[in-house]
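Below is final_9.cif, which holds mmCIF, C-alpha atoms.
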```
data_upload
#
loop_
_atom_site.label_atom_id
_atom_site.label_comp_id
_atom_site.auth_asym_id
_atom_site.auth_seq_id
_atom_site.Cartn_x
_atom_site.Cartn_y
_atom_site.Cartn_z
CA MET Q 1 7.58 -10.65 -4.65
CA ARG Q 2 4.26 -9.15 -3.52
CA CYS Q 3 2.01 -7.58 -6.17
CA PRO Q 4 1.00 -4.01 -5.20
CA ASP Q 5 -2.38 -4.38 -6.92
CA CYS Q 6 -3.78 -7.76 -5.86
CA GLY Q 7 -1.34 -8.91 -3.16
CA PHE Q 8 -0.45 -12.10 -5.06
CA GLU Q 9 3.02 -13.52 -4.38
CA GLY Q 10 5.01 -14.19 -7.54
CA GLU Q 11 8.21 -13.64 -9.49
CA GLY Q 12 9.09 -11.76 -12.66
CA ARG Q 13 8.37 -8.31 -14.04
CA TYR Q 14 4.59 -8.62 -14.06
CA CYS Q 15 2.11 -10.24 -11.65
CA SER Q 16 0.98 -13.63 -12.96
CA ASN Q 17 -2.41 -13.09 -11.29
CA CYS Q 18 -3.47 -9.62 -12.48
CA GLY Q 19 -0.71 -8.49 -14.87
CA ALA Q 20 0.36 -5.43 -12.89
CA LEU Q 21 3.98 -4.37 -12.55
CA LEU Q 22 5.47 -5.99 -9.46
CA ALA Q 23 6.67 -3.85 -6.56
CA GLY Q 24 10.31 -4.35 -7.46
CA GLU Q 25 9.65 -2.93 -10.92
CA VAL Q 26 7.71 0.16 -9.87
CA ARG Q 27 9.32 3.25 -11.31
CA THR Q 28 9.36 6.55 -9.48
CA ALA Q 29 7.28 9.14 -11.29
CA PRO Q 30 9.16 12.31 -12.23
CA ALA Q 31 8.60 14.93 -9.56
CA LYS Q 32 7.28 17.59 -11.95
CA ALA Q 33 5.62 15.32 -14.48
CA SER Q 34 1.99 15.97 -15.38
CA TRP Q 35 -0.35 13.07 -14.74
CA SER Q 36 -1.26 13.01 -18.46
CA GLU Q 37 2.33 12.54 -19.67
CA ARG Q 38 1.99 8.76 -19.27
CA CYS Q 39 -1.18 6.72 -19.83
CA PRO Q 40 -2.14 4.99 -16.56
CA VAL Q 41 -3.72 2.08 -18.47
CA CYS Q 42 -1.12 0.97 -21.04
CA ARG Q 43 1.79 2.97 -19.57
CA ALA Q 44 3.16 3.41 -23.09
CA GLY Q 45 2.69 7.03 -24.12
CA PRO Q 46 1.10 10.36 -23.18
CA LEU Q 47 -2.58 11.21 -23.14
CA GLU Q 48 -3.96 13.69 -25.64
CA GLU Q 49 -6.44 16.37 -24.71
CA THR Q 50 -9.38 16.10 -27.09
CA VAL Q 51 -13.09 16.85 -27.36
CA SER Q 52 -15.73 14.18 -26.86
CA ARG Q 53 -19.07 14.95 -28.51
CA GLY Q 54 -22.40 13.67 -27.28
CA PHE Q 55 -25.52 12.50 -29.13
CA LEU Q 56 -25.93 14.27 -32.50
CA GLY Q 57 -23.05 16.52 -31.54
CA LEU Q 58 -25.32 18.65 -29.38
CA THR Q 59 -22.97 18.49 -26.41
CA SER Q 60 -19.21 18.35 -26.14
CA ARG Q 61 -16.73 17.80 -23.37
CA GLU Q 62 -12.97 17.90 -23.08
CA VAL Q 63 -11.40 14.55 -22.21
CA TYR Q 64 -7.94 13.02 -22.07
CA ALA Q 65 -7.53 10.08 -24.44
CA CYS Q 66 -4.78 7.57 -25.14
CA PRO Q 67 -4.26 6.94 -28.89
CA GLY Q 68 -2.65 3.60 -28.08
CA CYS Q 69 -5.14 1.75 -25.85
CA GLY Q 70 -8.22 3.95 -26.27
CA ALA Q 71 -8.44 4.89 -22.60
CA THR Q 72 -10.42 8.06 -21.90
CA PHE Q 73 -10.35 10.17 -18.76
CA SER Q 74 -13.13 12.66 -18.04
CA PRO Q 75 -12.44 15.69 -15.81
CA GLU Q 76 -14.74 15.65 -12.76
CA GLY Q 77 -13.60 18.87 -11.10
CA SER Q 78 -11.19 19.75 -8.29
CA GLY Q 79 -8.28 18.06 -10.04
CA THR Q 80 -9.97 14.66 -10.34
CA PHE Q 81 -10.48 12.50 -13.42
CA ARG Q 82 -12.67 9.47 -14.12
CA LEU Q 83 -11.50 6.52 -16.19
CA SER Q 84 -14.62 6.46 -18.38
CA GLY Q 85 -13.62 4.03 -21.12
CA VAL Q 86 -10.98 1.81 -22.68
CA ALA Q 87 -10.79 -0.37 -25.79
CA ASP Q 88 -9.94 -3.58 -23.92
CA ARG Q 89 -11.83 -3.95 -20.64
CA SER Q 90 -10.12 -7.20 -19.70
CA GLY Q 91 -6.95 -5.43 -18.55
CA PRO Q 92 -6.02 -5.16 -14.85
CA VAL Q 93 -6.21 -1.36 -14.66
CA TRP Q 94 -9.78 -1.21 -15.99
CA LYS Q 95 -10.86 -4.10 -13.76
CA THR Q 96 -9.47 -2.28 -10.73
CA TYR Q 97 -10.19 1.36 -11.54
CA GLY Q 98 -12.85 1.37 -14.28
CA ASN Q 99 -15.29 4.29 -13.83
CA GLN Q 100 -13.46 5.39 -10.69
CA THR Q 101 -12.67 9.05 -10.06
CA LEU Q 102 -9.16 9.68 -8.75
CA THR Q 103 -6.86 12.65 -8.41
CA GLY Q 104 -4.26 13.41 -11.05
CA GLU Q 105 -1.55 12.45 -8.56
CA GLU Q 106 -3.12 9.02 -8.07
CA TRP Q 107 -3.35 8.43 -11.84
CA ARG Q 108 0.28 9.51 -12.19
CA ARG Q 109 1.27 7.01 -9.51
CA ILE Q 110 -0.70 4.22 -11.23
CA ALA Q 111 1.00 5.06 -14.54
CA TYR Q 112 4.34 4.21 -12.95
CA GLY Q 113 3.19 0.97 -11.30
CA GLY Q 114 1.71 2.33 -8.09
CA VAL Q 115 -1.84 2.18 -6.74
CA SER Q 116 -4.57 4.58 -5.63
CA ASP Q 117 -4.80 5.90 -2.08
CA ALA Q 118 -7.76 3.65 -1.23
CA ARG Q 119 -6.09 0.61 -2.77
CA GLN Q 120 -2.86 1.30 -0.90
CA ARG Q 121 -4.76 1.63 2.36
CA ALA Q 122 -6.50 -1.71 1.77
CA LEU Q 123 -3.22 -3.45 0.88
CA ASP Q 124 -1.49 -1.99 3.94
CA LEU Q 125 -4.33 -3.14 6.18
CA ASP Q 126 -4.19 -6.66 4.70
CA TYR Q 127 -0.44 -6.73 5.28
CA ALA Q 128 -0.87 -5.51 8.87
CA LEU Q 129 -3.48 -8.20 9.59
CA GLU Q 130 -1.09 -10.86 8.29
CA GLU Q 131 1.59 -9.52 10.62
CA PHE Q 132 -0.85 -9.54 13.54
CA GLN Q 133 -1.62 -13.21 12.90
CA LYS Q 134 2.11 -13.98 12.96
CA GLY Q 135 2.33 -12.51 16.46
CA PHE Q 136 3.50 -8.97 15.72
CA VAL Q 137 0.64 -7.38 17.66
CA PRO Q 138 0.86 -3.70 18.68
CA ASP Q 139 -0.25 -2.56 22.12
CA LEU Q 140 -3.53 -0.66 22.16
CA ARG Q 141 -4.09 1.05 25.49
CA VAL Q 142 -6.61 3.86 25.60
CA GLU Q 143 -6.91 4.14 29.38
CA SER Q 144 -5.32 2.77 32.53
CA ASN Q 145 -5.64 -0.96 32.95
CA ALA Q 146 -8.14 -2.04 35.63
CA VAL Q 147 -7.18 -5.73 35.54
CA LEU Q 148 -4.68 -7.11 38.03
CA LEU Q 149 -2.05 -8.73 35.86
CA LYS Q 150 -0.31 -11.94 36.83
CA ARG Q 151 3.40 -12.62 36.67
CA GLY Q 152 4.58 -12.47 33.07
CA GLU Q 153 1.25 -11.07 31.87
CA ARG Q 154 0.94 -7.77 29.98
CA ALA Q 155 -2.02 -5.78 28.72
CA VAL Q 156 -2.27 -5.58 24.93
CA ALA Q 157 -5.56 -3.72 24.50
CA VAL Q 158 -7.86 -1.91 26.92
CA ILE Q 159 -11.21 -1.02 25.34
CA PRO Q 160 -13.81 0.93 27.34
CA GLY Q 161 -17.49 1.31 26.47
CA VAL Q 162 -17.99 -2.32 25.42
CA THR Q 163 -21.38 -4.03 25.76
CA LEU Q 164 -21.65 -7.74 26.56
CA LYS Q 165 -24.61 -9.48 24.91
CA GLU Q 166 -25.78 -13.09 25.00
CA PRO Q 167 -28.65 -15.05 23.42
CA ARG Q 168 -31.62 -15.62 25.71
CA SER Q 169 -34.67 -17.82 25.19
CA VAL Q 170 -37.94 -15.91 24.86
CA ARG Q 171 -41.20 -17.87 25.14
CA LYS Q 172 -44.58 -16.65 23.91
CA THR Q 173 -47.92 -18.37 24.55
CA TYR Q 174 -50.91 -18.07 22.24
CA GLY Q 175 -54.36 -19.38 23.18
CA GLY Q 176 -58.10 -19.12 22.70
CA GLY Q 177 -61.41 -20.94 22.94
CA GLY Q 178 -63.38 -22.61 20.17
CA GLY Q 179 -67.02 -23.55 19.51
CA PRO Q 180 -70.27 -21.54 19.66
CA SER Q 181 -71.29 -19.32 22.63
CA ILE Q 182 -74.67 -19.69 24.40
CA ARG Q 183 -76.18 -16.74 26.28
CA ILE Q 184 -77.38 -17.87 29.70
CA ALA Q 185 -77.89 -14.45 31.32
CA LYS Q 186 -77.37 -10.82 30.58
CA GLY Q 187 -73.66 -10.39 29.92
CA VAL Q 188 -72.95 -14.08 30.65
CA TYR Q 189 -72.10 -16.55 27.91
CA PHE Q 190 -71.17 -20.20 27.97
CA ARG Q 191 -68.68 -21.39 25.35
CA THR Q 192 -69.19 -25.00 24.34
CA GLY Q 193 -65.68 -25.54 22.98
CA GLY Q 194 -62.52 -26.09 25.02
CA PHE Q 195 -59.56 -23.80 25.56
CA ALA Q 196 -56.46 -24.48 23.46
CA SER Q 197 -53.03 -22.89 23.65
CA ARG Q 198 -49.63 -23.22 22.06
CA SER Q 199 -46.25 -22.03 23.15
CA GLU Q 200 -43.35 -20.96 20.95
CA SER Q 201 -39.77 -20.29 21.99
CA HIS Q 202 -37.00 -18.44 20.17
CA GLU Q 203 -33.71 -16.80 21.03
CA GLU Q 204 -33.00 -13.08 21.12
CA ILE Q 205 -29.68 -11.32 21.68
CA LYS Q 206 -30.02 -9.50 24.99
CA GLU Q 207 -27.77 -6.90 26.58
CA ILE Q 208 -26.19 -8.31 29.73
CA ASP Q 209 -23.77 -5.64 30.94
CA SER Q 210 -21.47 -2.84 29.83
CA GLY Q 211 -17.88 -2.22 30.86
CA THR Q 212 -14.26 -2.55 29.74
CA LEU Q 213 -12.77 -5.31 27.61
CA THR Q 214 -9.10 -6.05 28.27
CA LEU Q 215 -6.95 -8.27 26.08
CA THR Q 216 -3.70 -9.54 27.58
CA ASN Q 217 -1.13 -11.96 26.26
CA ARG Q 218 -2.87 -14.71 28.26
CA ARG Q 219 -6.57 -13.98 28.58
CA LEU Q 220 -9.59 -11.88 27.67
CA VAL Q 221 -11.21 -10.07 30.59
CA PHE Q 222 -14.51 -8.20 30.63
CA THR Q 223 -15.17 -6.08 33.72
CA GLY Q 224 -18.68 -4.68 33.98
CA ARG Q 225 -20.92 -3.27 36.66
CA LYS Q 226 -22.77 -6.56 37.16
CA ARG Q 227 -20.53 -9.23 35.67
CA THR Q 228 -16.88 -10.11 35.24
CA VAL Q 229 -15.82 -12.54 32.51
CA ASN Q 230 -12.36 -14.11 32.55
CA VAL Q 231 -11.49 -16.18 29.47
CA PRO Q 232 -8.04 -17.78 29.04
CA LEU Q 233 -7.07 -17.46 25.38
CA GLY Q 234 -6.54 -21.21 25.19
CA LYS Q 235 -10.23 -21.73 25.99
CA ILE Q 236 -11.41 -19.82 22.92
CA VAL Q 237 -12.61 -22.31 20.30
CA GLY Q 238 -14.12 -19.91 17.76
CA MET Q 239 -14.54 -16.24 16.89
CA GLU Q 240 -16.85 -14.44 14.46
CA PRO Q 241 -15.97 -10.86 13.50
CA TYR Q 242 -18.38 -8.01 12.82
CA ARG Q 243 -17.82 -4.39 11.85
CA ASP Q 244 -18.14 -3.15 15.43
CA ALA Q 245 -18.13 -6.37 17.46
CA VAL Q 246 -16.72 -9.84 17.91
CA ALA Q 247 -18.53 -13.03 18.91
CA ILE Q 248 -16.63 -15.57 21.00
CA ASN Q 249 -17.29 -19.24 21.60
CA ARG Q 250 -15.32 -20.79 24.41
CA ASP Q 251 -14.84 -24.20 25.88
CA GLY Q 252 -17.19 -24.97 28.75
CA LYS Q 253 -19.93 -22.52 27.77
CA GLN Q 254 -22.74 -23.15 25.30
CA ARG Q 255 -23.90 -19.58 24.77
CA THR Q 256 -22.00 -17.31 22.42
CA GLU Q 257 -20.73 -14.06 23.96
CA TYR Q 258 -21.00 -10.90 21.86
CA TYR Q 259 -18.76 -7.94 22.67
CA THR Q 260 -20.10 -4.90 20.83
CA GLY Q 261 -18.81 -1.34 20.56
CA ILE Q 262 -15.14 -2.26 20.18
CA ASP Q 263 -14.85 0.17 17.25
CA ASN Q 264 -15.02 3.17 19.58
CA VAL Q 265 -11.21 3.02 19.77
CA HIS Q 266 -8.77 3.30 16.87
CA LEU Q 267 -5.56 1.57 15.94
CA THR Q 268 -2.62 3.28 14.22
CA ILE Q 269 -0.94 1.13 11.58
CA HIS Q 270 2.50 1.88 10.09
CA VAL Q 271 3.59 0.19 6.84
CA ASP Q 272 6.67 1.31 4.87
CA GLY Q 273 6.48 4.85 6.19
CA ARG Q 274 2.73 5.16 5.59
CA THR Q 275 0.39 5.69 8.54
CA HIS Q 276 -3.26 4.68 8.70
CA VAL Q 277 -5.71 5.12 11.57
CA VAL Q 278 -8.45 2.47 11.50
CA PRO Q 279 -11.27 1.59 13.90
CA LEU Q 280 -10.82 -1.59 15.90
CA SER Q 281 -13.16 -3.86 13.95
CA GLY Q 282 -13.97 -7.46 14.74
CA VAL Q 283 -11.57 -8.65 12.03
CA VAL Q 284 -8.67 -6.65 13.48
CA PHE Q 285 -9.42 -7.85 17.02
CA MET Q 286 -9.69 -11.48 15.90
CA CYS Q 287 -6.31 -11.29 14.12
CA MET Q 288 -4.75 -9.79 17.25
CA VAL Q 289 -6.07 -12.64 19.41
CA GLN Q 290 -4.96 -15.25 16.87
CA GLY Q 291 -1.49 -13.72 16.72
CA ILE Q 292 -1.10 -13.75 20.50
CA ILE Q 293 -2.19 -17.40 20.64
CA ASN Q 294 0.26 -18.31 17.86
CA LYS Q 295 3.13 -16.45 19.51
CA GLU Q 296 2.54 -17.42 23.11
CA GLY Q 297 1.70 -21.01 22.23
#
```
Go ahead and express the file in the form of structure tokens.
Amino acid sequence: MRCPDCGFEGEGRYCSNCGALLAGEVRTAPAKASWSERCPVCRAGPLEETVSRGFLGLTSREVYACPGCGATFSPEGSGTFRLSGVADRSGPVWKTYGNQTLTGEEWRRIAYGGVSDARQRALDLDYALEEFQKGFVPDLRVESNAVLLKRGERAVAVIPGVTLKEPRSVRKTYGGGGGPSIRIAKGVYFRTGGFASRSESHEEIKEIDSGTLTLTNRRLVFTGRKRTVNVPLGKIVGMEPYRDAVAINRDGKQRTEYYTGIDNVHLTIHVDGRTHVVPLSGVVFMCMVQGIINKEG
């Protein structure tokens, strides 16, 4: 059974990794229940509205406190509350949500074994990436496909506005003369030392071309104004993901190819009735490629 908090696979009522209630044991919160009717930390009893006093009692503030576990929730406005303290900070709820500000609805959901909106989104994305790697890859087509497909080939993703970059060697030369100068005429000097120079070389990532990146179930194709790159998926030996790009190493070519700007399109993910729209990051793209390779063999 998959833990809704940490994603750990286990059995029993509670997660053996973080101690949270497992998904099968999550109780549905009463439709009209107030978020404070059940403590989100110990899940044992209701919260009590009390007054927290500051230094020397000069300031005071209303908070919600649990008499059982010592959890305190401070109102932050607009129906949100911050978990500001708890007696035992080694528990899973404090480790996950300590000092976080969430809505009352989110705290109510956590009190009955659920998770926050951000946590649920992260768990759903992790689950989707695992499914992608297994070969369940959704089609992502944002414009008509410009690649001529072969028999049995289908387009999976068509991404416009992608920039191809590659490392290029840049050489710089430094030089100068040494020794004293002797004046032999007006404006004319003779330097007794010789001329010495040194050359240094380093690599810089240079923009090569811009165009459309197409992923099919057999290959990766970049079509630009100056260059076309055709990479069979079986030739890819390594990939490195970035937030808005992916770097590809392929058999038969020494230079790494960087495809940047892939995050200008978005992918819609559906998990258990929940829908998330996420940018196409390098991690997502890499999992899609890996899934196609695993499925197509």
Inset, instruction - Please evaluate the PyMOL selection byres ((chain Q and resi 230-247) around 7) against the displayed coordinates and give the resulting residues as JSON, numbers by chain. - result: {"Q": [218, 219, 220, 221, 222, 228, 229, 248, 249, 250, 251, 256, 257, 258, 259, 260, 261, 262, 263, 281, 282, 283, 286, 293]}
Legend entry - Using only C-alpha atoms: which of Q:Ala65, Q:Leu102, Q:Ala71, Q:Ile292 has the shortest distance to Ser116 (chain Q):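 Of the candidates, the smallest distance to Ser116 (chain Q) is held by Q:Leu102.
Selection result for the displayed file, with the PyMOL selection byres ((chain Q and resi 118) around 12) as criterion, is Asp5, Thr96, Tyr97, Gln100, Thr101, Leu102, Thr103, Glu106, Gly114, Val115, Ser116, Asp117, Arg119, Gln120, Arg121, Ala122, Leu123, Asp124, Leu125 and His276 of chain Q.
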Inset, instruction - Quick one: everything within 10 Å of Pro138 (chain Q), counting only C-alpha atoms, minus sequence neighbours fewer than 6 positions away in the same chain. Send it as a PyMOL selection string. - result: chain Q and resi 131-132+156-157+267-269+288
Inset, instruction - Counting only C-alpha atoms, figure out which residue out of Q:Arg168, Q:Val158, Q:Cys42, Q:Trp107 gets nearest to Gly91 (chain Q). - result: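 So, comparing all the options, the nearest one is Q:Cys42.
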Inset, instruction - Kindly give the distance, in Å, that separates CA of Pro92 (chain Q) and CA of Gly104 (chain Q), rounded to a single decimal. - result: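 According to the coordinates, CA of Pro92 (chain Q) and CA of Gly104 (chain Q) are separated by 19.0 Å.
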Inset, instruction - Using all atoms listed in the file, pick whichever of Q:Tyr127, Q:Thr212, Q:Glu296, Q:Phe136 has the shortest atom-to-atom distance to Leu164 (chain Q). - result: Q:Thr212
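Rounded to one decimal, CA of Lys134 (chain Q) and CA of Val289 (chain Q) lie 10.5 Å from each other.
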Inset, instruction - Identify the residues around (-24.0, -1.5, 29.5) within a radius of 9 Å, measuring from only C-alpha atoms in the coordinates stated by the file, and give them as a list in words. - result: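 Using only C-alpha atoms, the matching residues come out as Gly161, Val162, Thr163, Leu164, Glu207, Ile208, Asp209, Ser210, Gly211, Gly224 and Arg225 of chain Q.
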Prev. selection, C-alpha atoms, output as an mmCIF file, in the frame of the given file:
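Wrote it out as selection.cif, contents follow:
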```cif
data_model
loop_
_atom_site.group_PDB
_atom_site.id
_atom_site.type_symbol
_atom_site.label_atom_id
_atom_site.label_comp_id
_atom_site.auth_asym_id
_atom_site.auth_seq_id
_atom_site.Cartn_x
_atom_site.Cartn_y
_atom_site.Cartn_z
ATOM 1 C CA GLY Q 161 -17.490 1.310 26.470
ATOM 2 C CA VAL Q 162 -17.990 -2.320 25.420
ATOM 3 C CA THR Q 163 -21.380 -4.030 25.760
ATOM 4 C CA LEU Q 164 -21.650 -7.740 26.560
ATOM 5 C CA GLU Q 207 -27.770 -6.900 26.580
ATOM 6 C CA ILE Q 208 -26.190 -8.310 29.730
ATOM 7 C CA ASP Q 209 -23.770 -5.640 30.940
ATOM 8 C CA SER Q 210 -21.470 -2.840 29.830
ATOM 9 C CA GLY Q 211 -17.880 -2.220 30.860
ATOM 10 C CA GLY Q 224 -18.680 -4.680 33.980
ATOM 11 C CA ARG Q 225 -20.920 -3.270 36.660
#
```
Inset, instruction - Output the residue selection produced by the PyMOL selection byres ((chain Q and resi 148) around 12) on the file above, formatted as a PyMOL selection string. - result: chain Q and resi 144-147+149-155+214+216+219+221+223+230
